[in-house]
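Undergrad: Sharing target-v3.cif here; it has mmCIF, C-alpha atoms and all ligand atoms.
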data_coords
#
loop_
_atom_site.label_atom_id
_atom_site.label_comp_id
_atom_site.auth_asym_id
_atom_site.auth_seq_id
_atom_site.Cartn_x
_atom_site.Cartn_y
_atom_site.Cartn_z
CA MET A 1 14.62 -66.80 15.09
CA PRO A 2 13.02 -65.92 11.79
CA ILE A 3 9.85 -64.51 13.30
CA ALA A 4 11.69 -62.17 15.70
CA ARG A 5 14.03 -61.02 12.89
CA SER A 6 11.09 -60.17 10.69
CA ASN A 7 9.61 -58.17 13.59
CA ILE A 8 12.85 -56.21 13.97
CA ASN A 9 12.98 -55.62 10.22
CA SER A 10 9.46 -54.26 10.12
CA LYS A 11 10.19 -52.11 13.19
CA ASN A 12 13.28 -50.70 11.39
CA LYS A 13 11.21 -50.10 8.29
CA ALA A 14 8.60 -48.26 10.34
CA MET A 15 11.30 -46.12 11.97
CA ASN A 16 12.85 -45.36 8.59
CA LEU A 17 9.48 -44.35 7.23
CA GLN A 18 8.94 -42.15 10.28
CA SER A 19 12.33 -40.42 9.74
CA ILE A 20 11.53 -39.84 6.06
CA TYR A 21 8.17 -38.40 7.09
CA ILE A 22 9.83 -36.03 9.60
CA ILE A 23 12.41 -34.92 7.01
CA LEU A 24 9.61 -34.31 4.50
CA LEU A 25 7.67 -32.26 7.06
CA MET A 26 10.77 -30.21 7.87
CA THR A 27 11.39 -29.55 4.18
CA ILE A 28 7.80 -28.42 3.67
CA THR A 29 8.03 -26.12 6.73
CA ILE A 30 11.31 -24.60 5.53
CA ASN A 31 9.85 -24.04 2.06
CA CYS A 32 6.76 -22.37 3.52
CA SER A 33 8.76 -19.99 5.67
CA ALA A 34 11.00 -19.19 2.68
CA GLU A 35 7.88 -18.22 0.72
CA SER A 36 6.49 -16.16 3.55
CA ASN A 37 9.30 -13.61 3.51
CA LYS A 38 8.58 -12.68 -0.10
CA VAL A 39 7.45 -9.18 -1.00
CA ALA A 40 4.87 -9.04 -3.80
CA ILE A 41 5.49 -6.13 -6.17
CA LEU A 42 2.35 -5.16 -8.07
CA TYR A 43 2.77 -3.27 -11.32
CA SER A 44 1.56 -3.08 -14.91
CA ASP A 45 2.72 -1.00 -17.90
CA VAL A 46 -0.94 -0.06 -18.43
CA MET A 47 -0.54 2.54 -15.67
CA LEU A 48 1.96 4.41 -17.86
CA GLU A 49 -0.85 5.08 -20.36
CA HIS A 50 -2.44 7.69 -18.06
CA ARG A 51 -1.04 10.74 -19.88
CA THR A 52 -0.91 14.03 -18.00
CA GLY A 53 1.24 16.24 -20.24
CA GLU A 54 4.94 17.11 -20.53
CA ASN A 55 5.21 19.44 -17.55
CA HIS A 56 2.90 17.69 -15.14
CA PRO A 57 4.65 16.40 -11.97
CA GLU A 58 2.51 13.23 -11.89
CA LYS A 59 3.96 11.84 -15.11
CA PRO A 60 4.43 8.25 -16.35
CA GLU A 61 8.22 8.47 -16.02
CA ARG A 62 8.05 8.66 -12.22
CA LEU A 63 6.54 5.17 -12.16
CA SER A 64 8.67 3.60 -14.91
CA SER A 65 11.77 4.93 -13.17
CA ALA A 66 10.68 3.46 -9.81
CA VAL A 67 9.98 0.07 -11.37
CA SER A 68 13.37 -0.07 -13.05
CA ALA A 69 15.10 0.92 -9.78
CA VAL A 70 13.38 -1.99 -8.02
CA LYS A 71 14.19 -4.41 -10.87
CA LYS A 72 17.86 -3.36 -10.91
CA ASN A 73 18.36 -3.97 -7.18
CA ASN A 74 20.28 -7.26 -7.16
CA ALA A 75 20.64 -7.42 -3.38
CA LEU A 76 16.88 -7.57 -2.83
CA SER A 77 15.62 -9.25 -6.00
CA LYS A 78 15.55 -12.74 -4.43
CA TYR A 79 12.79 -11.54 -2.09
CA PHE A 80 10.49 -10.20 -4.81
CA ILE A 81 7.65 -11.86 -6.65
CA TRP A 82 5.86 -10.04 -9.49
CA PRO A 83 2.31 -11.43 -9.73
CA ALA A 84 0.14 -10.47 -12.69
CA ILE A 85 -2.53 -7.85 -11.99
CA THR A 86 -5.84 -7.09 -13.69
CA LYS A 87 -8.08 -4.05 -13.80
CA ALA A 88 -10.69 -3.61 -11.10
CA SER A 89 -14.32 -3.99 -12.18
CA ASN A 90 -17.15 -1.75 -10.97
CA ASP A 91 -17.94 -4.34 -8.29
CA TYR A 92 -14.73 -3.40 -6.51
CA ILE A 93 -14.63 0.34 -7.28
CA GLN A 94 -18.18 0.64 -5.90
CA LEU A 95 -16.85 -0.42 -2.51
CA ALA A 96 -15.47 3.14 -2.10
CA HIS A 97 -17.17 5.24 -4.81
CA THR A 98 -20.70 6.19 -5.82
CA ASP A 99 -22.17 4.86 -9.07
CA ASP A 100 -22.67 8.47 -10.22
CA TYR A 101 -18.97 9.24 -9.82
CA ILE A 102 -17.86 6.02 -11.57
CA ASN A 103 -20.18 6.88 -14.49
CA LEU A 104 -18.93 10.49 -14.56
CA VAL A 105 -15.29 9.34 -14.85
CA LYS A 106 -16.22 6.90 -17.62
CA SER A 107 -18.27 9.43 -19.59
CA GLU A 108 -15.69 12.24 -19.37
CA ILE A 109 -12.88 9.93 -20.51
CA GLU A 110 -14.59 7.95 -23.27
CA ILE A 111 -15.12 11.07 -25.40
CA LEU A 112 -11.38 11.83 -25.47
CA ASP A 113 -9.17 10.74 -28.30
CA GLY A 114 -5.53 10.81 -29.37
CA ASP A 115 -3.39 13.12 -27.28
CA GLN A 116 -6.29 15.07 -25.81
CA GLN A 117 -5.80 15.98 -22.16
CA VAL A 118 -8.44 17.77 -20.11
CA LEU A 119 -9.30 18.27 -16.43
CA LEU A 120 -11.81 15.97 -14.75
CA SER A 121 -14.82 18.15 -13.91
CA THR A 122 -14.61 17.39 -10.17
CA GLY A 123 -11.08 18.67 -9.53
CA ASP A 124 -7.42 19.04 -10.43
CA VAL A 125 -6.92 15.71 -12.21
CA VAL A 126 -5.68 15.62 -15.79
CA ILE A 127 -7.36 12.83 -17.78
CA SER A 128 -6.63 11.33 -21.19
CA LYS A 129 -8.15 8.52 -23.22
CA ASP A 130 -6.60 5.63 -21.27
CA SER A 131 -6.89 7.19 -17.79
CA ASP A 132 -9.86 5.08 -16.67
CA GLU A 133 -8.09 1.87 -17.70
CA ALA A 134 -4.89 2.95 -15.87
CA ALA A 135 -6.82 4.01 -12.74
CA ARG A 136 -8.60 0.64 -12.69
CA PHE A 137 -5.24 -1.13 -12.82
CA ALA A 138 -4.06 0.98 -9.85
CA VAL A 139 -7.06 -0.28 -7.86
CA GLY A 140 -6.52 -3.82 -9.21
CA ALA A 141 -2.89 -3.78 -8.03
CA GLY A 142 -4.06 -3.34 -4.44
CA ILE A 143 -6.56 -6.17 -4.78
CA ALA A 144 -3.87 -8.47 -6.22
CA GLY A 145 -1.45 -7.57 -3.42
CA ILE A 146 -4.04 -8.45 -0.79
CA ASP A 147 -4.78 -11.77 -2.49
CA GLN A 148 -1.05 -12.63 -2.45
CA ILE A 149 -0.70 -11.84 1.26
CA MET A 150 -3.92 -13.59 2.29
CA ALA A 151 -2.88 -16.70 0.32
CA LYS A 152 0.49 -16.51 2.15
CA LYS A 153 2.35 -16.34 -1.15
CA ALA A 154 3.98 -13.19 0.21
CA SER A 155 4.30 -11.70 3.68
CA SER A 156 4.06 -8.11 2.45
CA ALA A 157 3.40 -6.19 -0.76
CA PHE A 158 4.23 -2.93 -2.48
CA ALA A 159 1.83 -1.74 -5.17
CA LEU A 160 3.73 0.56 -7.54
CA VAL A 161 0.80 2.49 -8.95
CA ARG A 162 -0.41 5.65 -10.61
CA PRO A 163 -2.63 7.61 -10.65
CA PRO A 164 -2.38 7.99 -6.86
CA GLY A 165 -5.56 7.71 -4.79
CA HIS A 166 -5.70 9.29 -1.34
CA HIS A 167 -7.28 12.64 -2.36
CA ALA A 168 -10.25 11.00 -4.12
CA THR A 169 -13.45 11.03 -2.05
CA SER A 170 -16.41 8.74 -2.77
CA ASN A 171 -17.80 11.19 -5.32
CA ARG A 172 -14.94 13.49 -6.27
CA GLY A 173 -11.56 13.01 -7.98
CA MET A 174 -8.98 15.67 -7.10
CA GLY A 175 -5.25 16.17 -6.43
CA PHE A 176 -4.11 13.93 -9.34
CA CYS A 177 -6.29 11.07 -7.96
CA VAL A 178 -9.10 9.32 -9.86
CA TYR A 179 -10.08 6.37 -7.63
CA ASN A 180 -9.09 5.94 -3.99
CA ASN A 181 -6.93 2.83 -4.40
CA ILE A 182 -6.27 2.28 -0.70
CA ALA A 183 -9.89 2.84 0.36
CA VAL A 184 -11.02 0.12 -2.05
CA ALA A 185 -8.25 -2.13 -0.67
CA ALA A 186 -9.49 -1.65 2.92
CA LYS A 187 -13.10 -2.38 1.97
CA TYR A 188 -12.00 -5.40 -0.10
CA LEU A 189 -10.17 -6.88 2.91
CA GLN A 190 -13.35 -6.59 4.96
CA LYS A 191 -15.75 -7.83 2.30
CA GLU A 192 -13.73 -10.61 0.71
CA TYR A 193 -11.72 -11.88 3.69
CA GLY A 194 -13.91 -10.86 6.61
CA LEU A 195 -11.15 -8.92 8.37
CA LYS A 196 -12.64 -6.56 10.94
CA ARG A 197 -10.17 -3.79 11.72
CA ILE A 198 -7.94 -2.14 9.11
CA LEU A 199 -5.26 0.47 9.82
CA ILE A 200 -4.44 2.93 7.03
CA VAL A 201 -1.21 4.88 7.58
CA ASP A 202 -0.53 7.87 5.32
CA TYR A 203 2.86 9.61 5.37
CA ASP A 204 2.52 11.40 2.03
CA VAL A 205 3.41 15.11 2.45
CA HIS A 206 -0.25 15.93 1.69
CA HIS A 207 -3.18 15.01 3.90
CA GLY A 208 -5.26 12.19 2.41
CA ASN A 209 -8.57 14.03 2.60
CA GLY A 210 -10.34 11.44 0.45
CA THR A 211 -9.39 8.48 2.63
CA GLN A 212 -10.24 10.38 5.81
CA ASP A 213 -13.61 11.38 4.36
CA ILE A 214 -14.56 7.84 3.24
CA PHE A 215 -13.88 6.36 6.70
CA TYR A 216 -14.68 9.36 8.92
CA SER A 217 -17.72 7.68 10.55
CA ASP A 218 -16.36 4.12 10.30
CA GLU A 219 -14.89 2.72 13.50
CA SER A 220 -13.55 -0.36 11.68
CA VAL A 221 -10.92 1.58 9.68
CA PHE A 222 -8.36 3.65 11.59
CA TYR A 223 -6.84 6.48 9.51
CA PHE A 224 -3.50 7.91 10.69
CA SER A 225 -1.91 10.71 8.70
CA VAL A 226 1.24 12.73 9.28
CA HIS A 227 1.52 15.59 6.80
CA GLN A 228 2.79 19.12 6.16
CA HIS A 229 0.61 21.92 7.47
CA PRO A 230 -0.28 24.44 6.19
CA PHE A 231 -0.35 22.79 2.75
CA TYR A 232 -2.65 21.32 0.08
CA PRO A 233 -5.48 20.28 0.50
CA GLY A 234 -5.91 22.13 3.82
CA THR A 235 -7.65 19.32 5.72
CA GLY A 236 -6.11 17.05 8.37
CA ARG A 237 -6.21 19.36 11.36
CA GLU A 238 -5.47 17.66 14.65
CA ASN A 239 -9.01 18.31 15.90
CA GLU A 240 -10.39 16.17 13.03
CA THR A 241 -10.75 12.88 14.89
CA GLY A 242 -13.77 11.20 13.27
CA GLN A 243 -17.49 11.41 13.92
CA GLY A 244 -20.31 9.24 15.27
CA LYS A 245 -19.13 5.66 15.71
CA GLY A 246 -15.88 6.68 14.01
CA LYS A 247 -14.98 9.19 16.72
CA GLY A 248 -11.41 8.42 17.76
CA THR A 249 -10.39 6.37 14.70
CA THR A 250 -8.99 9.32 12.73
CA LEU A 251 -5.63 10.63 13.95
CA ASN A 252 -3.88 13.55 12.27
CA VAL A 253 -0.41 14.92 13.01
CA GLU A 254 0.48 18.28 11.44
CA LEU A 255 4.15 18.99 10.82
CA PRO A 256 5.61 22.36 9.81
CA GLU A 257 7.82 22.76 6.74
CA GLY A 258 11.38 21.47 7.29
CA SER A 259 10.45 19.01 10.07
CA GLY A 260 12.81 16.18 9.05
CA ASP A 261 13.10 12.48 9.98
CA LYS A 262 13.13 12.98 13.74
CA LEU A 263 9.63 14.45 13.88
CA LEU A 264 8.34 11.89 11.35
CA VAL A 265 9.58 9.00 13.48
CA SER A 266 8.39 10.53 16.77
CA SER A 267 4.89 11.05 15.32
CA PHE A 268 4.76 7.28 14.80
CA GLU A 269 6.26 6.41 18.19
CA GLN A 270 4.22 8.90 20.22
CA ASN A 271 0.90 8.95 18.35
CA LEU A 272 0.38 5.84 16.21
CA VAL A 273 2.01 3.08 18.29
CA PRO A 274 0.07 3.81 21.53
CA ALA A 275 -3.23 4.14 19.60
CA MET A 276 -2.83 0.63 18.18
CA LYS A 277 -3.00 -0.96 21.66
CA ASN A 278 -6.73 -0.31 21.64
CA PHE A 279 -7.38 -0.62 17.92
CA ASN A 280 -5.51 -3.91 17.39
CA PRO A 281 -5.52 -3.96 13.55
CA ASP A 282 -5.94 -7.11 11.44
CA PHE A 283 -4.12 -5.64 8.42
CA ILE A 284 -2.00 -2.54 7.79
CA LEU A 285 -2.27 -0.54 4.56
CA VAL A 286 0.16 2.28 3.86
CA SER A 287 -0.44 5.29 1.61
CA SER A 288 3.20 5.52 0.72
CA GLY A 289 3.91 8.92 -0.76
CA PHE A 290 7.49 10.15 -0.94
CA ASP A 291 6.84 13.83 -1.61
CA GLY A 292 7.96 14.61 1.95
CA HIS A 293 11.55 13.80 0.87
CA LYS A 294 14.03 16.69 1.14
CA ASP A 295 14.72 16.57 -2.62
CA ASP A 296 11.07 16.38 -3.71
CA LEU A 297 9.75 18.85 -6.24
CA LEU A 298 6.54 19.64 -4.33
CA GLY A 299 6.84 18.86 -0.65
CA GLY A 300 8.82 20.57 2.11
CA LEU A 301 9.12 18.16 5.04
CA SER A 302 12.85 17.41 4.57
CA TYR A 303 12.60 13.67 5.22
CA THR A 304 15.30 11.30 3.94
CA SER A 305 15.15 7.67 2.83
CA LYS A 306 16.45 6.74 6.33
CA GLY A 307 13.30 8.23 7.85
CA TYR A 308 11.07 6.18 5.55
CA LYS A 309 13.08 3.07 6.46
CA SER A 310 12.68 3.75 10.19
CA VAL A 311 8.92 4.15 9.98
CA THR A 312 8.65 1.01 7.83
CA THR A 313 10.39 -0.93 10.59
CA ILE A 314 7.92 0.48 13.14
CA LEU A 315 5.01 -0.48 10.88
CA ALA A 316 6.36 -3.97 10.20
CA GLU A 317 6.73 -4.49 13.96
CA LEU A 318 3.13 -3.35 14.49
CA ALA A 319 2.04 -5.74 11.73
CA ASN A 320 3.93 -8.62 13.36
CA LYS A 321 2.47 -7.77 16.77
CA TYR A 322 -1.18 -7.33 15.79
CA ALA A 323 -1.84 -8.39 12.21
CA ASP A 324 0.00 -11.67 11.62
CA GLY A 325 2.63 -9.64 9.72
CA ARG A 326 0.16 -8.53 7.04
CA ILE A 327 1.13 -5.17 5.51
CA MET A 328 0.80 -3.61 2.06
CA PHE A 329 2.23 -0.33 0.74
CA MET A 330 0.63 1.59 -2.13
CA LEU A 331 2.50 4.38 -3.88
CA GLU A 332 0.91 7.83 -3.60
CA GLY A 333 2.99 10.97 -4.35
CA GLY A 334 6.73 11.47 -4.91
CA TYR A 335 7.73 13.79 -7.74
CA THR A 336 11.53 13.66 -7.91
CA ALA A 337 12.46 10.26 -9.32
CA SER A 338 15.83 9.77 -7.57
CA ALA A 339 14.36 10.63 -4.13
CA THR A 340 11.29 8.44 -4.68
CA ASN A 341 13.35 5.52 -5.95
CA ASP A 342 15.81 5.63 -3.02
CA SER A 343 12.89 5.79 -0.61
CA ILE A 344 11.08 2.82 -2.18
CA ILE A 345 14.28 0.76 -1.90
CA ALA A 346 14.65 1.83 1.75
CA VAL A 347 11.10 0.65 2.48
CA LEU A 348 11.72 -2.67 0.71
CA GLU A 349 14.98 -3.17 2.63
CA ALA A 350 13.15 -2.67 5.93
CA LEU A 351 10.41 -5.11 4.87
CA THR A 352 12.88 -7.86 3.98
CA GLU A 353 14.80 -7.31 7.23
CA THR A 354 11.73 -7.45 9.46
CA SER A 355 9.60 -10.23 7.96
CA GLU A 356 9.11 -13.13 10.37
ZN ZN B 401 1.28 14.03 -2.02
#
I need this file expressed as C-alpha cells, please.
TA:
Amino acid sequence: MPIARSNINSKNKAMNLQSIYIILLMTITINCSAESNKVAILYSDVMLEHRTGENHPEKPERLSSAVSAVKKNNALSKYFIWPAITKASNDYIQLAHTDDYINLVKSEIEILDGDQQVLLSTGDVVISKDSDEAARFAVGAGIAGIDQIMAKKASSAFALVRPPGHHATSNRGMGFCVYNNIAVAAKYLQKEYGLKRILIVDYDVHHGNGTQDIFYSDESVFYFSVHQHPFYPGTGRENETGQGKGKGTTLNVELPEGSGDKLLVSSFEQNLVPAMKNFNPDFILVSSGFDGHKDDLLGGLSYTSKGYKSVTTILAELANKYADGRIMFMLEGGYTASATNDSIIAVLEALTETSE
C-alpha cells in the first residue's frame, strides 16, 4: 500500500526530526549550564601603574602577585574567564561621588609628573601621575564583572583591583582608597539593571567607613561589616545601624584582636544570615579584604584561608537562595602576598564548588 507506506515514512521522519530537536535542546541546555558556573576574573595591568612608593604596604606587587597565583592554579583555571575591562567614565563615578571630589582628584593628579608621589589633600592616599587612570580601571572592573554576571556569561566574579575603595566617602579619599569601587558597583546594578536590593558584605580587617557613609540613609543597600575594633578608621560601632529610611540596613560586628575563624564564621551565621530573611537581596557584593589573615602585615584578626572559604560558602548559599546566585567579590586590603593569594584561591575554590 504505497500511500500507507508514505504515511509511515513521513511519520518516521517527523519522529526523527523531533528526536534531533530534543538532542539539540539538551545540548544547548548543557552548554548554558556549563557557562553558568564560570567565574569572571576582572583585572588590568593598568592598575599596577598606581605608584605608592617602595615601602608602602599598598604596592603594585600585591596585585601582580595575586594575579599570577590565580593564573598558575591549574585545578581551577577551567572555571575562569578573563573578560577585558575599561576605565570608568565620570558618568559611573558620579553614581557614588560628588563632581567636586572627582574634579579634585583629577586636578591634584594631572600636575604630577615622573616619579612624583604626594598625598591626596583629603586623606592618607598616596597618588602619582597614573593614579586616576588606575582608580578608574578599579571601578571599571566592577562594572565589567556585573555585566558578565547579568549577561549570564559567568555565575560569579572576582575583581582583582587596586587602589582599594571601601574607605572613600562621596567627597573624600582616605585609607589608600581613591574611588569607592563597590559603592559604584551597587549603584550601577540599580541604575543599569533595575535591581532593587543590594547586599554589600565587608570582611576586610578595617571598617568600610566610606561604604557605610554612602548608604547610611539608603534602605535599598544593606551594609554588613565585620572588622577589628578598636582599629583604623574608628567607625563601625555596633550602635551604628543606619538613619532615616536606612535605619536597620547597616549592621556592624566588632571583633577584638586575635578573634580567629570561629568568630568570623559565627558573625555571618548569627548576624548576617538571619538579617537576610527580611532584606532578601537581589545581588551580593563583597568587599573582600584579606588583611584579617593571621600572617597579614597590618591586621590582627588571626583568620586563615579556611575561614575565608567558609564565609564564601555561606555567601554563595545566600546568593543561591535570594539572588539567583549573583555574587561578585572586589579586592580591598591584604598586605602580605602569600596570605592574600592563598585566601583568594580559597574564595575561588568555594565559588566553583557552590555554583548551581
Ligand atoms: Zn583593610
Undergrad: Which chains and residue numbers are within 12 Å of ligand ZN 401 (chain B), counting all atoms listed in the file, if I want them as an NGL selection string?
TA: :A and (57-58 or 163-167 or 174-177 or 202-209 or 225-228 or 231-233 or 287-293 or 296-301 or 331-336 or 340)
Undergrad: Got a sec: who's within 10 Å of A:Gln116, counting all atoms listed in the file, leaving out chain neighbours fewer than 6 positions off, as a ChimeraX atom specification?
TA: /A:51-53,109,127-129
Undergrad: Enter the distance from atom CA of A:Phe224 to atom CA of A:Glu192, in Å, rounded to one decimal.
TA: 23.4 Å
Undergrad: Could you work out how far atom CA of A:Ile314 lies from atom CA of A:Gln190, giving the answer in Å with one decimal?
TA: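 One can read the atom CA of A:Gln190 to atom CA of A:Ile314 distance as 23.9 Å.
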Undergrad: One decimal, in Å: what's the spacing between atom CA of A:Phe215 and atom CA of A:Gly242?
TA: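 Interatomic distance here is 8.2 Å.
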Undergrad: When you look at A:Gly307 with a cut-off of 7 Å (counting only C-alpha atoms), what residues show up, excluding the ones that are within fewer than 4 positions of it in the same chain? I need them as a VMD selection string.
TA: chain A and resid 261 265 303 311
Undergrad: Go ahead and save the picked residues with C-alpha atoms, as a PDB file, in the frame of the given file.
TA:
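Written output follows (selection-v4.pdb):
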ATOM      1  CA  ASP A 261      13.100  12.480   9.980  1.00  0.00           C
ATOM      2  CA  VAL A 265       9.580   9.000  13.480  1.00  0.00           C
ATOM      3  CA  TYR A 303      12.600  13.670   5.220  1.00  0.00           C
ATOM      4  CA  VAL A 311       8.920   4.150   9.980  1.00  0.00           C
TER       5      VAL A 311
END
Undergrad: Would you mind listing what lies within 12 Å of A:Glu108 as a list of chain:residue names, with only C-alpha atoms counted and same-chain residues fewer than 6 positions away left out?
TA: A:Tyr101, A:Ile102, A:Gln116, A:Gln117, A:Val118, A:Leu119, A:Leu120, A:Ser121, A:Thr122, A:Val125, A:Val126, A:Ile127, A:Ser128, A:Lys129, A:Asp130, A:Ser131, A:Asp132, A:Val178
Undergrad: Counting only C-alpha atoms, figure out which residue out of A:Ile182, A:Ser305, A:Lys187, A:Asp324 gets nearest to A:Ser338.
TA: A:Ser305
